[in-house]
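Notes follow the structure.
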Amino acid sequence: MKELEFREAVAADLPQILRIIAQAKAQMRALGSTQWQDGYPAEADIRRDLRLGYGYVLVRAAAPDRPIAYGAVVFDGEAAYAGIAGSWLTEGPYVVVHRLAVADGEKGRGAATAFMRRTEALARARGVRAFRIDTNFDNRYMLRMLSRLGFAYCGKIRYESGERLAFEKRL
């Protein structure tokens with residue numbers, strides 16, 4: 001998807017990012033998922049991502065100011081991952097994606113896969129050779145994508161909001 005660009009999110013992207021998150025929450029609710037139905041992620045979470053440099057967007061080259069996908073790309077680790085009930089494939093630095101969401105008009109067109117592949121490329125460029133992610137047991141779209149992208153199930157992790165399935169891919 002060469003017409004797509006992957007870049008760090010900026011404050012001007014916030015209204016569109018919040019729309020994308022709201023659309024994702026509504027889709028999950030309509031599908032009967034319990035994920036993201038407790039107020040998370042909230043605007044404060046996205047603002048924190050932007051402040052810390054975690055927020056990334058996928059945009060069409062023809063409309064670089066209109067994000068079609070959002071995610072937090074984190075190289076600082078994830079505290080919950082230390083308590084995995086299972087085991088990771090690797091030790092050492094890794095990248096993790098949180099809060100991945102795609103705009104309604106773009107779903108099913110490969111935007112989430114493109115976001116994940118761009119994250120892999122960014123990690124490799126930084127010398128990071130592992131990619132970890134977690135999702136709810138009933139997020140079938142994410143589970144299917146992780147399988148297609150070669151992620152391996154590693155176990156379960158726990159957040160205050162509940163248990164999540166954890167995956168890793170060697171890069």
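Ordering of the structure tokens sets the chain letters (A, B, ...), residue numbers begin anew at 1 in every chain, and ligands are numbered from 1 in the order given.
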Strand (DSSP E) residues, from DSSP on the backbone, in chain A, as a ChimeraX atom specification: /A:4-8,55-60,63-74,85-86,95-102,130-135,152-159,162-170
Against segment 26-42 of chain A, which residues of segment 97-153 of chain A fall within 12 Å? For each one I want the closest pair of atoms and the distance in Å (one decimal), counting only C-alpha atoms, rows by chain and increasing residue number, as CSV.
residue,atom,partner,partner_atom,distance
A:His98,CA,A:Pro41,CA,9.7
A:Arg99,CA,A:Pro41,CA,7.1
A:Leu100,CA,A:Pro41,CA,10.3
A:Ala101,CA,A:Gln27,CA,10.5
A:Val102,CA,A:Gln27,CA,10.6
A:Ala103,CA,A:Gln27,CA,10.6
A:Asp104,CA,A:Gln27,CA,8.8
A:Lys107,CA,A:Gln27,CA,10.7
A:Asp134,CA,A:Gln35,CA,11.5
A:Thr135,CA,A:Gln35,CA,8.3
A:Asn136,CA,A:Gln35,CA,6.1
A:Phe137,CA,A:Gln35,CA,8.8
A:Asp138,CA,A:Ser33,CA,5.9
A:Asn139,CA,A:Ser33,CA,6.8
A:Arg140,CA,A:Ser33,CA,9.3
A:Tyr141,CA,A:Met28,CA,10.0
A:Met142,CA,A:Met28,CA,11.3
Please produce an output containing C-alpha atoms for each residue in the selection, written as a tab-separated table (two decimals), in the first residue's frame.
chain	number	residue	atom	x	y	z
A	98	HIS	CA	-1.59	-0.58	21.89
A	99	ARG	CA	-4.90	1.06	20.95
A	100	LEU	CA	-4.80	0.10	17.26
A	101	ALA	CA	-7.95	1.31	15.50
A	102	VAL	CA	-9.00	1.92	11.90
A	103	ALA	CA	-11.55	4.44	10.60
A	104	ASP	CA	-14.88	2.94	9.56
A	107	LYS	CA	-11.87	-1.26	7.53
A	134	ASP	CA	-2.04	-8.31	23.37
A	135	THR	CA	-5.75	-8.38	22.69
A	136	ASN	CA	-9.04	-9.52	24.16
A	137	PHE	CA	-10.09	-13.15	23.66
A	138	ASP	CA	-13.07	-12.03	21.57
A	139	ASN	CA	-11.34	-9.57	19.22
A	140	ARG	CA	-11.58	-11.89	16.24
A	141	TYR	CA	-10.35	-9.32	13.71
A	142	MET	CA	-7.13	-8.74	15.63
Tell me, as a count of residues only, which residues lie within 9 Å of Thr113 of chain A, counting only C-alpha atoms; anything in the same chain fewer than 3 positions away does not count. 8
Would you mind listing, for every residue of segment 21-79 of chain A within 8 Å of segment 89-97 of chain A, the two atoms forming the shortest contact and the distance between them in Å to one decimal, using only C-alpha atoms, sorted by chain and ascending residue number, as JSON lines?
{"residue": "A:Gly71", "atom": "CA", "partner": "A:Val97", "partner_atom": "CA", "distance": 6.4}
{"residue": "A:Ala72", "atom": "CA", "partner": "A:Val97", "partner_atom": "CA", "distance": 5.4}
{"residue": "A:Val73", "atom": "CA", "partner": "A:Val97", "partner_atom": "CA", "distance": 4.8}
{"residue": "A:Val74", "atom": "CA", "partner": "A:Val96", "partner_atom": "CA", "distance": 5.2}
{"residue": "A:Phe75", "atom": "CA", "partner": "A:Val95", "partner_atom": "CA", "distance": 4.7}
{"residue": "A:Asp76", "atom": "CA", "partner": "A:Val95", "partner_atom": "CA", "distance": 7.7}
{"residue": "A:Gly77", "atom": "CA", "partner": "A:Tyr94", "partner_atom": "CA", "distance": 6.9}
{"residue": "A:Glu78", "atom": "CA", "partner": "A:Val96", "partner_atom": "CA", "distance": 7.6}
Measuring atom to atom with only C-alpha atoms, identify which of A:Leu122, A:Ile17, A:Ala80, A:Ala85 is nearest to Cys154 of chain A. A:Ala85
Just how far from atom CA of Phe151 of chain A is atom CA of Glu168 of chain A, in Å to one decimal? 5.2 Å
Skipping near chain neighbours, those fewer than 2 positions away, what residues fall within 12 Å of segment 3-14 of chain A using only C-alpha atoms, listed as an NGL selection string? :A and (1 or 16-21 or 42-74 or 106 or 109-122)
How would you write, as a ChimeraX atom specification, the set of residues in chain A that DSSP gives as alpha helix (DSSP H)? /A:14-30,43-52,111-125,140-148
Can you list, as a list in words, every protein, DNA or RNA residue that comes within 8 Å of segment 156-158 of chain A when you count only C-alpha atoms, leaving out same-chain residues fewer than 6 positions away?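 Here the answer would be Ala80, Tyr81, Gly83, Ile84, Ala85, Gly86, Asp134, Arg164, Leu165 and Ala166 of chain A.
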What gap, in Å, lies between atom CA of Arg132 of chain A and atom CA of Trp88 of chain A?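 Taking atom CA of Arg132 of chain A as the start and atom CA of Trp88 of chain A as the end point, the length is 8.7 Å.
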Might you pull out every residue within 7 Å of Arg170 of chain A, with only C-alpha atoms counted and same-chain residues fewer than 4 positions away left off, and present them as an MDAnalysis selection string? chainID A and resid 129:131
Would you mind exporting C-alpha atoms of the selected residues as an mmCIF file, in the first residue's frame?
data_model
loop_
_atom_site.group_PDB
_atom_site.id
_atom_site.type_symbol
_atom_site.label_atom_id
_atom_site.label_comp_id
_atom_site.auth_asym_id
_atom_site.auth_seq_id
_atom_site.Cartn_x
_atom_site.Cartn_y
_atom_site.Cartn_z
ATOM 1 C CA ARG A 129 14.037 -7.644 16.949
ATOM 2 C CA ALA A 130 10.804 -8.486 18.761
ATOM 3 C CA PHE A 131 7.197 -7.294 18.421
#
